Amino acid sequence: MITLEELDSKLFETLSNSSNRIYFYYASMKENTSIWSQSAVDYFGLPGRVLSPTSIWDDKVHPDDLAGYSQSFVDIINHVTPYHNCEYRIKNAEGEYVWVNCHGYMNYDEDGNPDFFAGFVTNMGTIMKIDAVTGLWTNYGFRNDVTYMLDKHISGAAMQIDITNFKRINSRYGYDFGDVVMHMLGQKINSIPGKKAVYRMDGAQFAVLIEGGKDEVLEFKKKIEEKISEFSINGVNLYIEFSSGATVFPEDGQFIDQIQSNLFYALSNAKQTSTNELVFYSKDLFEQRNRIIRLTECLRRSIENNFDGFRIVFQPIMDKKTGKLHSAEALLRWSSSEFEGVGPMDFIPILEETRGIVPVGKWIIDRAFAYVADWNKRNCKNKLKHININFSYVQFTDTSLKDYVVSKLDEYGLSHDTLVAELTESCRVEFSDKLSQLLQEYRDEGITIALDDFGTGYASLSMLKDMPADIVKLDHTMTKTITDREKDRNLVEFIIAYCNKMDIDVCTEGVETDAIRDVVSGAGTQYLQGYYYDKPLEAEEFFKKYIDE
Ligand code: C2E
Ligand code: CA
Ligand code: CA
């Protein structure tokens, strides 16, 4: 007759062999010894089936997950619960972390001390290979397949696409609908011939592995466009926007990590361009990216170092009626010994992205007001009545900005209408009722609001009726061609007339010649700015030339 003890041990052995992704264990707490199924020994590279002490297992838990894991045992020892149910990452024999789900139950002795603990560990790494929403392989499969191709010296290309408007779809129609969209997208891409496999990557991203080179990738990208740009689900019409990056191997990478970092560079570059062109990884791209990283770091240090390297230059804005100075636009400059010739078009976007523009913006406000107050105090012939300062959208997200601006105007003894706040293009991209309300609050304080870069990007005339603005600044790209092309001139004349009808003043930028000045003056512009008058000048030069003349 088989004894109960033998049956117990057979049960453990049989269960242990029943699955290769569930591992069983039991432990005697008093002897600080645990026994593991052979599959656990093999997969996790344990020194043997009997572990003493159990800390051999604990040492493999990912440091970030250790707190949750340990807390579960604290709860068991303190009798909060006899159950252990915990998800964490643990290192396997190959040294990579896999997600596991660990279940256990504690038996206590008569005195309530932990006595016997048993349970099982489920390997979720294997489950996560397939994405539940799309049914496609995940990043895990992508890495395996690329590694296989690299090992076998099969050349190929990998492409990664990011559905850039997916967030909007999710927030407009809800997450369940978003899942359906994701599923459809996966199916559509997967139905395109000419690829090895399609993978669902993190977030709203897909990867495609192609046995071929750049031509095949470009061909495939075109087909994706045809398939997914526009389709409908349950009567909802969807317009899908995506960015794409690609890399070829083994030319541009011999290891999977290199391939993935190439894809990252290529895709982030593609996202920065406004076109939806596919970007291939290249050495240039890598260097460009590296330069941006170094530049970002250098700018951060400048800010930390009391804005060392930043300075403001001033460009005159003329009043058409009087022909005299109306205001000055404060324009930011930055110089460093490490980088040469970095203009605002290069460093402002970085400051916006890193939110460095928030402190720098406050610094500009303080410095520019200080200049104006100082100039006006000096015994000069003219006073500077207005100062135009640029504001990016990121700055408006700082709720303390308005109070800061007002307190600085007061501190320097400047009347509130001294400040003309120019909203750069980023503000209009993010235009909302909330922003509109915020701008009105600035106006209520007596501050003038100007819409900058009109005629570029997202600017539209219809926006003018919703946006509380006093001045529109016509971008220099619009004025450049008005003396050569009649159509361009008509457009500029029309915009100026429309603004005037809406009671909005116009400041025309890019006045480089007297011919341009004549056209826009005739059309009814109120203010003029451009190289015809002056380039942005260093502070002292501006003072001497325009204020102390
Ligand atoms: P913006 O606000 O449109 O500034 C006008 C830009 O046009 C300036 O370039 C100026 O030098 C240039 N410009 C002036 N007159 C003419 C002309 O007759 N012809 C041509 N072709 N260009 C002219 P800059 O100084 O390089 O500034 C570039 C942009 O950087 C600015 O465009 C603005 O969007 C941003 N920026 C500059 N300073 C600041 C700042 O302090 N804060 C923020 N948020 N953005 C700033
Ligand atoms: Ca401006
Ligand atoms: Ca402008």
# chains A, B, ... in the order shown; residues from 1 in each chain; ligands from 1
>>> residues_near_ligand(ligand="ligand 3", cutoff="12 Å", atoms="only C-alpha atoms and all ligand atoms", output="PyMOL selection string")
chain A and resi 315+317+329-331+345+388-391+421-425+450-456+471-479+506-511+528-530
>>> residues_around(residues="A:Phe231", least_positions_apart="5", cutoff="10 Å", atoms="only C-alpha atoms", output="MDAnalysis selection string")
chainID A and resid 181 184:185 236:240
>>> residues_around(residues="A:Asn123", least_positions_apart="6", cutoff="12 Å", atoms="only C-alpha atoms", output="CSV table (one decimal) with N, CA and C atoms, in the first residue's frame")
chain,number,residue,atom,x,y,z
A,19,SER,N,3.7,21.0,-16.4
A,19,SER,CA,3.8,22.2,-17.2
A,19,SER,C,5.2,22.8,-17.2
A,20,ASN,N,5.6,23.3,-18.3
A,20,ASN,CA,7.0,23.9,-18.3
A,20,ASN,C,7.0,25.4,-18.1
A,21,ARG,N,5.8,25.9,-17.8
A,21,ARG,CA,5.9,27.3,-17.4
A,21,ARG,C,5.2,27.6,-16.1
A,22,ILE,N,4.9,26.5,-15.3
A,22,ILE,CA,4.5,26.7,-13.9
A,22,ILE,C,5.4,25.9,-13.1
A,23,TYR,N,6.0,26.5,-12.1
A,23,TYR,CA,7.0,25.9,-11.3
A,23,TYR,C,6.5,25.8,-9.8
A,24,PHE,N,6.6,24.6,-9.2
A,24,PHE,CA,6.1,24.4,-7.9
A,24,PHE,C,7.2,24.4,-6.9
A,39,SER,N,11.9,21.8,-13.3
A,39,SER,CA,11.8,22.8,-14.4
A,39,SER,C,12.2,24.2,-13.9
A,40,ALA,N,12.0,24.5,-12.6
A,40,ALA,CA,12.4,25.8,-12.0
A,40,ALA,C,13.9,25.8,-11.9
A,43,TYR,N,15.1,26.4,-15.6
A,43,TYR,CA,14.8,27.7,-16.2
A,43,TYR,C,15.4,28.8,-15.5
A,44,PHE,N,15.4,28.8,-14.1
A,44,PHE,CA,16.0,29.9,-13.4
A,44,PHE,C,17.5,29.7,-13.0
A,87,GLU,N,3.1,39.7,-8.3
A,87,GLU,CA,3.7,39.7,-9.7
A,87,GLU,C,5.1,40.5,-9.6
A,88,TYR,N,6.1,39.9,-10.1
A,88,TYR,CA,7.4,40.5,-10.1
A,88,TYR,C,8.3,40.0,-11.3
A,89,ARG,N,9.4,40.7,-11.5
A,89,ARG,CA,10.3,40.2,-12.5
A,89,ARG,C,11.4,39.4,-11.8
A,90,ILE,N,11.9,38.4,-12.4
A,90,ILE,CA,13.0,37.6,-11.8
A,90,ILE,C,13.9,37.1,-12.9
A,91,LYS,N,15.2,37.0,-12.5
A,91,LYS,CA,16.2,36.7,-13.5
A,91,LYS,C,16.2,35.2,-13.8
A,92,ASN,N,16.2,34.9,-15.1
A,92,ASN,CA,16.3,33.4,-15.4
A,92,ASN,C,17.7,33.0,-15.6
A,97,TYR,N,15.4,39.3,-17.2
A,97,TYR,CA,14.3,39.3,-16.3
A,97,TYR,C,13.0,38.9,-17.0
A,98,VAL,N,12.2,38.0,-16.4
A,98,VAL,CA,10.9,37.7,-16.9
A,98,VAL,C,9.9,38.0,-15.8
A,99,TRP,N,8.7,38.3,-16.3
A,99,TRP,CA,7.6,38.6,-15.3
A,99,TRP,C,7.0,37.3,-14.9
A,100,VAL,N,6.8,37.1,-13.6
A,100,VAL,CA,6.2,35.9,-13.1
A,100,VAL,C,5.0,36.3,-12.1
A,101,ASN,N,4.1,35.4,-12.0
A,101,ASN,CA,3.0,35.5,-11.0
A,101,ASN,C,3.3,34.5,-10.0
A,102,CYS,N,3.4,34.8,-8.7
A,102,CYS,CA,3.7,33.8,-7.7
A,102,CYS,C,2.6,33.7,-6.7
A,103,HIS,N,2.1,32.5,-6.6
A,103,HIS,CA,1.0,32.2,-5.6
A,103,HIS,C,1.6,31.3,-4.5
A,129,LYS,N,4.3,36.9,-25.0
A,129,LYS,CA,4.9,36.9,-26.3
A,129,LYS,C,3.8,37.4,-27.4
>>> closest_residue(among="A:Leu15, A:Met1, A:Ala67, A:Leu384", to="A:Gly119", atoms="only C-alpha atoms")
A:Leu15
>>> atom_distance(atom1="atom CA of A:Gly446", atom2="atom CA of A:Lys362")
18.8 Å
>>> residues_around(residues="stretch 401-407 of chain A", least_positions_apart="6", cutoff="10 Å", atoms="only C-alpha atoms", output="PDB file with N, CA, C and O atoms, in the first residue's frame")
ATOM      1  N   VAL A 358      10.478  77.504 -19.409  1.00  0.00           N
ATOM      2  CA  VAL A 358       9.724  78.089 -18.291  1.00  0.00           C
ATOM      3  C   VAL A 358      10.636  78.995 -17.441  1.00  0.00           C
ATOM      4  O   VAL A 358      10.360  80.184 -17.303  1.00  0.00           O
ATOM      5  N   GLY A 361      12.129  81.730 -19.798  1.00  0.00           N
ATOM      6  CA  GLY A 361      11.102  82.711 -20.126  1.00  0.00           C
ATOM      7  C   GLY A 361      10.949  83.740 -19.014  1.00  0.00           C
ATOM      8  O   GLY A 361      10.818  84.939 -19.281  1.00  0.00           O
ATOM      9  N   LYS A 362      10.995  83.268 -17.767  1.00  0.00           N
ATOM     10  CA  LYS A 362      10.872  84.204 -16.640  1.00  0.00           C
ATOM     11  C   LYS A 362      12.096  85.109 -16.573  1.00  0.00           C
ATOM     12  O   LYS A 362      11.991  86.293 -16.267  1.00  0.00           O
ATOM     13  N   ILE A 365      11.741  87.830 -19.164  1.00  0.00           N
ATOM     14  CA  ILE A 365      10.783  88.854 -18.722  1.00  0.00           C
ATOM     15  C   ILE A 365      11.480  89.805 -17.740  1.00  0.00           C
ATOM     16  O   ILE A 365      11.430  91.031 -17.892  1.00  0.00           O
ATOM     17  N   ASP A 366      12.161  89.228 -16.768  1.00  0.00           N
ATOM     18  CA  ASP A 366      12.842  90.051 -15.769  1.00  0.00           C
ATOM     19  C   ASP A 366      13.909  90.942 -16.409  1.00  0.00           C
ATOM     20  O   ASP A 366      13.953  92.154 -16.174  1.00  0.00           O
ATOM     21  N   PHE A 369      12.434  93.693 -18.870  1.00  0.00           N
ATOM     22  CA  PHE A 369      11.820  94.799 -18.119  1.00  0.00           C
ATOM     23  C   PHE A 369      12.910  95.667 -17.468  1.00  0.00           C
ATOM     24  O   PHE A 369      12.797  96.891 -17.415  1.00  0.00           O
ATOM     25  N   GLN A 395       5.079  77.762 -21.735  1.00  0.00           N
ATOM     26  CA  GLN A 395       5.133  78.773 -20.679  1.00  0.00           C
ATOM     27  C   GLN A 395       3.753  79.032 -20.084  1.00  0.00           C
ATOM     28  O   GLN A 395       3.628  79.283 -18.898  1.00  0.00           O
ATOM     29  N   GLY A 413       8.174  99.306 -12.085  1.00  0.00           N
ATOM     30  CA  GLY A 413       7.435 100.543 -12.260  1.00  0.00           C
ATOM     31  C   GLY A 413       6.991 100.784 -13.699  1.00  0.00           C
ATOM     32  O   GLY A 413       6.941 101.923 -14.163  1.00  0.00           O
ATOM     33  N   LEU A 414       6.675  99.720 -14.401  1.00  0.00           N
ATOM     34  CA  LEU A 414       6.224  99.857 -15.797  1.00  0.00           C
ATOM     35  C   LEU A 414       4.709  99.707 -15.846  1.00  0.00           C
ATOM     36  O   LEU A 414       4.147  98.844 -15.158  1.00  0.00           O
ATOM     37  N   SER A 415       4.055 100.534 -16.655  1.00  0.00           N
ATOM     38  CA  SER A 415       2.606 100.375 -16.766  1.00  0.00           C
ATOM     39  C   SER A 415       2.340  99.052 -17.503  1.00  0.00           C
ATOM     40  O   SER A 415       3.148  98.601 -18.310  1.00  0.00           O
ATOM     41  N   HIS A 416       1.181  98.429 -17.197  1.00  0.00           N
ATOM     42  CA  HIS A 416       0.917  97.076 -17.721  1.00  0.00           C
ATOM     43  C   HIS A 416       0.871  97.016 -19.241  1.00  0.00           C
ATOM     44  O   HIS A 416       1.159  95.987 -19.830  1.00  0.00           O
ATOM     45  N   LEU A 419       3.854  95.750 -21.853  1.00  0.00           N
ATOM     46  CA  LEU A 419       4.133  94.410 -22.385  1.00  0.00           C
ATOM     47  C   LEU A 419       3.197  94.030 -23.527  1.00  0.00           C
ATOM     48  O   LEU A 419       1.974  94.098 -23.409  1.00  0.00           O
ATOM     49  N   LEU A 438      -7.449  82.158 -20.657  1.00  0.00           N
ATOM     50  CA  LEU A 438      -6.219  82.593 -20.004  1.00  0.00           C
ATOM     51  C   LEU A 438      -5.712  83.905 -20.621  1.00  0.00           C
ATOM     52  O   LEU A 438      -5.307  84.833 -19.917  1.00  0.00           O
ATOM     53  N   LEU A 439      -5.764  83.960 -21.969  1.00  0.00           N
ATOM     54  CA  LEU A 439      -5.304  85.159 -22.662  1.00  0.00           C
ATOM     55  C   LEU A 439      -6.154  86.357 -22.280  1.00  0.00           C
ATOM     56  O   LEU A 439      -5.648  87.465 -22.098  1.00  0.00           O
ATOM     57  N   GLU A 441      -7.514  86.805 -19.468  1.00  0.00           N
ATOM     58  CA  GLU A 441      -7.080  87.244 -18.132  1.00  0.00           C
ATOM     59  C   GLU A 441      -5.862  88.167 -18.223  1.00  0.00           C
ATOM     60  O   GLU A 441      -5.735  89.122 -17.459  1.00  0.00           O
ATOM     61  N   TYR A 442      -4.967  87.871 -19.177  1.00  0.00           N
ATOM     62  CA  TYR A 442      -3.808  88.760 -19.390  1.00  0.00           C
ATOM     63  C   TYR A 442      -4.286  90.129 -19.879  1.00  0.00           C
ATOM     64  O   TYR A 442      -3.802  91.168 -19.458  1.00  0.00           O
ATOM     65  N   GLU A 445      -5.601  92.396 -17.385  1.00  0.00           N
ATOM     66  CA  GLU A 445      -4.543  93.056 -16.608  1.00  0.00           C
ATOM     67  C   GLU A 445      -3.941  94.236 -17.369  1.00  0.00           C
ATOM     68  O   GLU A 445      -3.019  94.890 -16.888  1.00  0.00           O
ATOM     69  N   GLY A 446      -4.384  94.434 -18.621  1.00  0.00           N
ATOM     70  CA  GLY A 446      -3.861  95.547 -19.406  1.00  0.00           C
ATOM     71  C   GLY A 446      -2.737  95.155 -20.350  1.00  0.00           C
ATOM     72  O   GLY A 446      -2.133  96.008 -21.006  1.00  0.00           O
ATOM     73  N   ILE A 447      -2.452  93.864 -20.427  1.00  0.00           N
ATOM     74  CA  ILE A 447      -1.364  93.386 -21.296  1.00  0.00           C
ATOM     75  C   ILE A 447      -1.893  93.173 -22.707  1.00  0.00           C
ATOM     76  O   ILE A 447      -3.024  92.725 -22.889  1.00  0.00           O
TER      77      ILE A 447
END
>>> atom_distance(atom1="atom CA of A:Ala204", atom2="atom CA of A:Ile161")
8.4 Å
>>> decode(residues="stretch 259-290 of chain A", atoms="N, CA and C atoms", output="tab-separated table (two decimals), in the first residue's frame")
chain	number	residue	atom	x	y	z
A	259	ILE	N	19.93	47.45	-33.41
A	259	ILE	CA	18.80	47.58	-34.34
A	259	ILE	C	17.68	48.38	-33.66
A	260	GLN	N	17.41	48.04	-32.41
A	260	GLN	CA	16.31	48.73	-31.74
A	260	GLN	C	16.65	50.18	-31.46
A	261	SER	N	17.91	50.46	-31.14
A	261	SER	CA	18.23	51.87	-30.90
A	261	SER	C	18.23	52.64	-32.22
A	262	ASN	N	18.63	52.01	-33.33
A	262	ASN	CA	18.52	52.66	-34.64
A	262	ASN	C	17.07	53.02	-34.95
A	263	LEU	N	16.19	52.07	-34.65
A	263	LEU	CA	14.76	52.30	-34.92
A	263	LEU	C	14.26	53.47	-34.10
A	264	PHE	N	14.73	53.53	-32.87
A	264	PHE	CA	14.32	54.61	-31.98
A	264	PHE	C	14.76	55.97	-32.54
A	265	TYR	N	16.03	56.06	-32.98
A	265	TYR	CA	16.54	57.31	-33.56
A	265	TYR	C	15.74	57.69	-34.79
A	266	ALA	N	15.56	56.71	-35.68
A	266	ALA	CA	14.88	56.99	-36.96
A	266	ALA	C	13.45	57.44	-36.70
A	267	LEU	N	12.77	56.74	-35.80
A	267	LEU	CA	11.36	57.07	-35.53
A	267	LEU	C	11.23	58.42	-34.83
A	268	SER	N	12.12	58.70	-33.87
A	268	SER	CA	11.96	60.01	-33.21
A	268	SER	C	12.27	61.13	-34.18
A	269	ASN	N	13.19	60.89	-35.11
A	269	ASN	CA	13.45	61.91	-36.11
A	269	ASN	C	12.24	62.11	-37.02
A	270	ALA	N	11.63	60.99	-37.40
A	270	ALA	CA	10.45	61.07	-38.27
A	270	ALA	C	9.33	61.85	-37.58
A	271	LYS	N	9.19	61.66	-36.27
A	271	LYS	CA	8.11	62.33	-35.54
A	271	LYS	C	8.32	63.83	-35.49
A	272	GLN	N	9.60	64.25	-35.54
A	272	GLN	CA	9.89	65.69	-35.45
A	272	GLN	C	9.59	66.41	-36.75
A	273	THR	N	9.64	65.69	-37.86
A	273	THR	CA	9.36	66.35	-39.12
A	273	THR	C	7.85	66.41	-39.30
A	274	SER	N	7.39	67.43	-39.99
A	274	SER	CA	5.94	67.56	-40.10
A	274	SER	C	5.41	66.71	-41.26
A	275	THR	N	6.30	66.27	-42.15
A	275	THR	CA	5.83	65.41	-43.24
A	275	THR	C	5.68	63.99	-42.69
A	276	ASN	N	5.05	63.10	-43.45
A	276	ASN	CA	4.94	61.74	-42.93
A	276	ASN	C	5.91	60.80	-43.63
A	277	GLU	N	7.05	61.37	-44.02
A	277	GLU	CA	8.03	60.57	-44.72
A	277	GLU	C	8.74	59.57	-43.81
A	278	LEU	N	9.05	58.42	-44.38
A	278	LEU	CA	9.78	57.39	-43.65
A	278	LEU	C	11.24	57.84	-43.47
A	279	VAL	N	11.77	57.69	-42.27
A	279	VAL	CA	13.17	58.07	-42.03
A	279	VAL	C	13.99	56.80	-41.82
A	280	PHE	N	15.08	56.67	-42.60
A	280	PHE	CA	15.99	55.55	-42.40
A	280	PHE	C	17.09	55.96	-41.43
A	281	TYR	N	17.49	55.04	-40.60
A	281	TYR	CA	18.61	55.32	-39.71
A	281	TYR	C	19.86	55.54	-40.55
A	282	SER	N	20.68	56.50	-40.15
A	282	SER	CA	21.98	56.70	-40.81
A	282	SER	C	22.97	57.23	-39.78
A	283	LYS	N	24.23	57.17	-40.12
A	283	LYS	CA	25.27	57.69	-39.22
A	283	LYS	C	25.03	59.17	-38.92
A	284	ASP	N	24.63	59.92	-39.98
A	284	ASP	CA	24.36	61.35	-39.82
A	284	ASP	C	23.29	61.61	-38.78
A	285	LEU	N	22.26	60.78	-38.90
A	285	LEU	CA	21.13	60.91	-37.99
A	285	LEU	C	21.60	60.70	-36.56
A	286	PHE	N	22.46	59.71	-36.42
A	286	PHE	CA	22.99	59.36	-35.10
A	286	PHE	C	23.78	60.54	-34.53
A	287	GLU	N	24.63	61.12	-35.41
A	287	GLU	CA	25.45	62.24	-34.95
A	287	GLU	C	24.60	63.47	-34.63
A	288	GLN	N	23.60	63.69	-35.46
A	288	GLN	CA	22.69	64.81	-35.25
A	288	GLN	C	21.98	64.64	-33.90
A	289	ARG	N	21.57	63.43	-33.64
A	289	ARG	CA	20.86	63.12	-32.40
A	289	ARG	C	21.79	63.32	-31.20
A	290	ASN	N	23.03	62.86	-31.39
A	290	ASN	CA	24.03	63.02	-30.33
A	290	ASN	C	24.28	64.48	-30.03
